[in-house]
Amino acid sequence: MTNSENLFKEAIKVIPGGVNSPVRAFPSVGGAPRFIKKAYGSHIIDEDNKEYIDYIGSWGPMLLGHNHHEIQAAVVEAAQSGLSFGAATKLEVTMAKSICEAVPAVEMVRMVNSGTEAVMSAIRVARGFTKREKIIKFTGCYHGHSDAMLVAAGSGALTGGVPDSAGVPKGTAQDTLIAHYNDIDSVKILFEKYQEEIAAVIIEPVAANMGVVITEDGFLQELRNLCHTYGALLIFDEVITGFRLGLGGASEYYHIKPDLITFGKIIGAGMPVGAFGGRREIMEQIAPLGPVYQAGTLSGNPVAMAAGIAQLKILTEDPTIYQRLNERGQWFYQQIEEMIQQKNLPLTINHIGSLGSMFFTPNKVRDLTTAKMSDTKAYASYFHYMLDHGIYLAPAQFEAMFLSSAHTREDLELTLEILSGYFEKLPL
Ligand SMILES: *Cc1c(COP(=O)(O)O)cnc(C)c1O
């Protein structure tokens, strides 16, 4: 037995499923998960000293690669001054300014400890500000695991209201209305029916939790217009896209101004951090200024802030990082696309910048329904082939590949070579 297998055996006795977040248990690809002991740059190393090129990047935070020396130094320095004070710090001011300066739609921001918390709080403030209760979300978009958002985070019906998880009260789920990605009519129908009851529409401006799915031309703008017409707020969940598509995230990339934006992942550089921000008059509704309560013992934690600030500082000071990363991503995914075309394989690749997904279906993937046409068994066999050859991909079809600026041309070429070897073994 490998060390990972032994650890997994121990883990399942004391941790549900042996993991602290379900996807890590490899539920959809089978086999024992790799236990990771360290990582640097584009590589991670497991407890059996096997080294992999990592395309998960901790699910997004590692935009500059693992254990970047400047970020590591900032964390060590902050830790030397104390781990938490439960009081205001200079670091929080620096962090808030970094976010507000990078993202034009954000005039004020509050720090929390995860993306889940950021979304949960943004929804509360949207409801408090509009004095309305219903929220529209899209099938296949994931917004963390708060009750109101665990509706059609997988598949769902148009009028929705059916929870995806045991333990979510029906009453809570009923206020979450479900629309379909890239289908503006599904949003219009809900607005026409519920009108002034809708507090906000929340969307991943690039969906990355049903695999990568990109909005079609004009969709986000139409959403912006509809929210405006009906007096609802538009929330961009940029927990993945924030500081990934570019310094200004998706709102800058698409030139759309949402009312609120949620962040996580990259802004913590690997520490548990989230944030939500937006228009000043909305953010001023939050306690202690306004009636919307929101708090956190460890929010704005100095060590976490130091990590995030160090990462954002590097990205702000050298804008060519995004240019190089996005060009490399474009090249890499295009190479895969060409292989697929040359060999006429029943696969589809969606990509934008450093994010991409290869779906095991020949049809165009534009929403959850089309994503779900993928052959997940074929994905599992692909995943294990790549893993055996030292390529660490997401252990599920409906996740993204995350490139970092630490992925070298050689890393990508090696990956393509291994992928090509896999394709040689097909038919699937
Ligand atoms: C990861 C993610 C979340 C949840 O963030 P956690 O830090 O895991 O709570 C929310 N929204 C999106 C778009 C995400 O990708």
# chains A, B, ... in the order shown; residues from 1 in each chain; ligands from 1
>>> residues_around(residues="range 107-123 of chain A", least_positions_apart="2", cutoff="7 Å", atoms="only C-alpha atoms", output="PyMOL selection string")
chain A and resi 96+100+105+125-127+143-146+239+262-264+272-280+283+294+296+299-300
>>> residues_around(residues="Ala78 in chain A", least_positions_apart="4", cutoff="9 Å", atoms="only C-alpha atoms", output="list of chain:residue names")
A:Ala73, A:Ala74, A:Gly82, A:Leu83, A:Pro302, A:Val303, A:Ala304, A:Met305, A:Ala306, A:Ala307
>>> select_by_dssp(residues="range 35-264 of chain A", states="alpha helix (DSSP H)", output="VMD selection string")
chain A and resid 69 to 80 90 to 102 115 to 130 170 to 174 184 to 194 219 to 230 249 to 253
>>> residues_around(residues="His43 in chain A", least_positions_apart="2", cutoff="12 Å", atoms="only C-alpha atoms", output="tab-separated table (two decimals) with C-alpha atoms, in the first residue's frame")
chain	number	residue	atom	x	y	z
A	36	ILE	CA	0.06	16.11	-0.66
A	37	LYS	CA	2.99	17.10	1.50
A	38	LYS	CA	4.45	20.03	-0.35
A	39	ALA	CA	4.42	22.11	-3.47
A	40	TYR	CA	6.52	24.65	-5.29
A	41	GLY	CA	5.95	26.55	-8.53
A	45	ILE	CA	4.65	16.28	-4.29
A	46	ASP	CA	2.65	13.58	-2.56
A	49	ASN	CA	7.40	11.45	-3.02
A	50	LYS	CA	5.75	11.32	-6.39
A	51	GLU	CA	5.96	14.66	-8.17
A	52	TYR	CA	3.26	16.03	-10.48
A	53	ILE	CA	2.69	19.05	-12.66
A	54	ASP	CA	-0.30	20.58	-10.91
A	55	TYR	CA	-3.28	21.94	-12.84
A	56	ILE	CA	-5.49	22.46	-9.80
A	57	GLY	CA	-3.49	25.19	-8.09
A	58	SER	CA	-5.49	24.74	-4.89
A	62	MET	CA	-2.06	29.78	-6.84
A	64	LEU	CA	1.78	32.69	-9.25
A	65	GLY	CA	2.44	29.02	-8.57
A	66	HIS	CA	2.91	27.32	-5.22
A	67	ASN	CA	4.90	28.75	-2.36
A	68	HIS	CA	6.09	31.87	-4.15
A	390	GLY	CA	2.67	12.78	-13.41
A	391	ILE	CA	-0.08	15.22	-14.43
A	392	TYR	CA	-2.37	16.27	-11.58
A	393	LEU	CA	-5.76	17.31	-13.00
A	403	LEU	CA	-2.67	27.45	-15.19
A	404	SER	CA	-0.30	29.60	-13.18
A	406	ALA	CA	4.86	29.29	-12.81
A	407	HIS	CA	3.87	26.81	-15.54
A	408	THR	CA	6.74	26.89	-17.98
A	411	ASP	CA	5.69	21.95	-18.33
>>> residues_around(residues="Gln311 in chain A", least_positions_apart="6", cutoff="8 Å", atoms="only C-alpha atoms", output="ChimeraX atom specification")
/A:64,71,266-267,269
>>> atom_distance(atom1="atom 14 (C, counted along the ligand's line) of ligand 1", atom2="CA of Val151 in chain A")
14.6 Å
>>> closest_residue(among="A:Thr361, A:Thr241, A:Ser381, A:Gln174", to="ligand 1", atoms="only C-alpha atoms and all ligand atoms")
A:Thr241
>>> select_by_dssp(residues="range 237-423 of chain A", states="strand (DSSP E or B)", output="CSV table (one decimal) with N, CA and C atoms, in the first residue's frame")
chain,number,residue,atom,x,y,z
A,237,ASP,N,-20.1,36.7,-9.0
A,237,ASP,CA,-19.3,35.9,-8.1
A,237,ASP,C,-18.0,35.7,-8.8
A,260,LEU,N,-22.4,44.4,-6.9
A,260,LEU,CA,-21.6,43.7,-5.9
A,260,LEU,C,-20.7,42.7,-6.5
A,261,ILE,N,-19.6,42.5,-6.0
A,261,ILE,CA,-18.7,41.4,-6.5
A,261,ILE,C,-18.1,40.6,-5.3
A,262,THR,N,-18.1,39.3,-5.4
A,262,THR,CA,-17.5,38.5,-4.4
A,262,THR,C,-16.1,38.0,-4.8
A,263,PHE,N,-15.2,37.9,-3.9
A,263,PHE,CA,-13.9,37.4,-4.2
A,263,PHE,C,-13.5,36.3,-3.2
A,269,ALA,N,-4.2,34.1,-1.7
A,269,ALA,CA,-2.9,33.5,-2.1
A,269,ALA,C,-2.7,32.1,-1.5
A,271,MET,N,-4.3,31.4,1.6
A,271,MET,CA,-4.8,31.5,3.0
A,271,MET,C,-6.3,31.5,2.9
A,274,GLY,N,-11.9,35.5,1.9
A,274,GLY,CA,-12.9,35.9,0.9
A,274,GLY,C,-13.1,37.4,1.1
A,275,ALA,N,-13.9,38.0,0.2
A,275,ALA,CA,-14.2,39.4,0.3
A,275,ALA,C,-15.5,39.7,-0.5
A,276,PHE,N,-16.2,40.7,-0.1
A,276,PHE,CA,-17.3,41.2,-1.0
A,276,PHE,C,-17.3,42.7,-1.0
A,277,GLY,N,-17.6,43.3,-2.1
A,277,GLY,CA,-17.6,44.7,-2.2
A,277,GLY,C,-18.4,45.2,-3.3
A,278,GLY,N,-18.5,46.5,-3.5
A,278,GLY,CA,-19.3,47.1,-4.5
A,278,GLY,C,-19.6,48.5,-4.3
A,286,ILE,N,-24.0,47.9,5.8
A,286,ILE,CA,-23.5,46.9,6.6
A,286,ILE,C,-23.1,47.5,8.0
A,292,VAL,N,-27.6,45.9,8.2
A,292,VAL,CA,-27.3,44.5,7.8
A,292,VAL,C,-26.1,44.0,8.6
A,348,THR,N,-14.6,18.3,-26.6
A,348,THR,CA,-14.8,19.8,-26.8
A,348,THR,C,-14.0,20.5,-25.7
A,349,ILE,N,-13.3,21.6,-26.1
A,349,ILE,CA,-12.6,22.3,-25.2
A,349,ILE,C,-13.1,23.8,-25.1
A,350,ASN,N,-13.3,24.2,-23.9
A,350,ASN,CA,-13.7,25.6,-23.6
A,350,ASN,C,-12.6,26.2,-22.8
A,351,HIS,N,-12.2,27.4,-23.2
A,351,HIS,CA,-11.1,28.1,-22.5
A,351,HIS,C,-11.2,29.6,-22.6
A,352,ILE,N,-10.6,30.2,-21.5
A,352,ILE,CA,-10.5,31.7,-21.5
A,352,ILE,C,-9.2,32.0,-20.6
A,355,LEU,N,-7.8,29.6,-17.8
A,355,LEU,CA,-8.8,28.6,-17.4
A,355,LEU,C,-9.2,27.8,-18.6
A,356,GLY,N,-9.4,26.5,-18.4
A,356,GLY,CA,-9.9,25.7,-19.5
A,356,GLY,C,-10.5,24.4,-19.0
A,357,SER,N,-11.4,23.8,-19.8
A,357,SER,CA,-11.9,22.4,-19.5
A,357,SER,C,-12.0,21.7,-20.8
A,358,MET,N,-11.7,20.4,-20.7
A,358,MET,CA,-11.9,19.5,-21.8
A,358,MET,C,-13.1,18.6,-21.5
A,359,PHE,N,-14.1,18.7,-22.2
A,359,PHE,CA,-15.4,17.9,-22.0
A,359,PHE,C,-15.4,16.7,-22.9
A,391,ILE,N,0.7,14.0,-14.2
A,391,ILE,CA,-0.1,15.2,-14.4
A,391,ILE,C,-1.3,15.2,-13.5
A,392,TYR,N,-1.3,16.2,-12.6
A,392,TYR,CA,-2.4,16.3,-11.6
A,392,TYR,C,-3.5,17.2,-12.0
A,401,MET,N,-9.3,23.6,-15.4
A,401,MET,CA,-7.8,23.5,-15.2
A,401,MET,C,-7.3,24.9,-14.9
A,402,PHE,N,-6.4,25.0,-14.0
A,402,PHE,CA,-5.9,26.3,-13.6
A,402,PHE,C,-4.4,26.4,-13.9
>>> closest_residue(among="A:Ile178, A:Ile314, A:Val365, A:Leu426", to="Glu70 in chain A", atoms="only C-alpha atoms")
A:Ile314
>>> closest_residue(among="A:Asn209, A:Gln342, A:Thr176, A:Asn3", to="ligand 1", atoms="only C-alpha atoms and all ligand atoms")
A:Asn209
>>> closest_residue(among="A:Asp183, A:Glu399, A:Asp388, A:Glu77", to="Phe219 in chain A", atoms="only C-alpha atoms")
A:Asp183
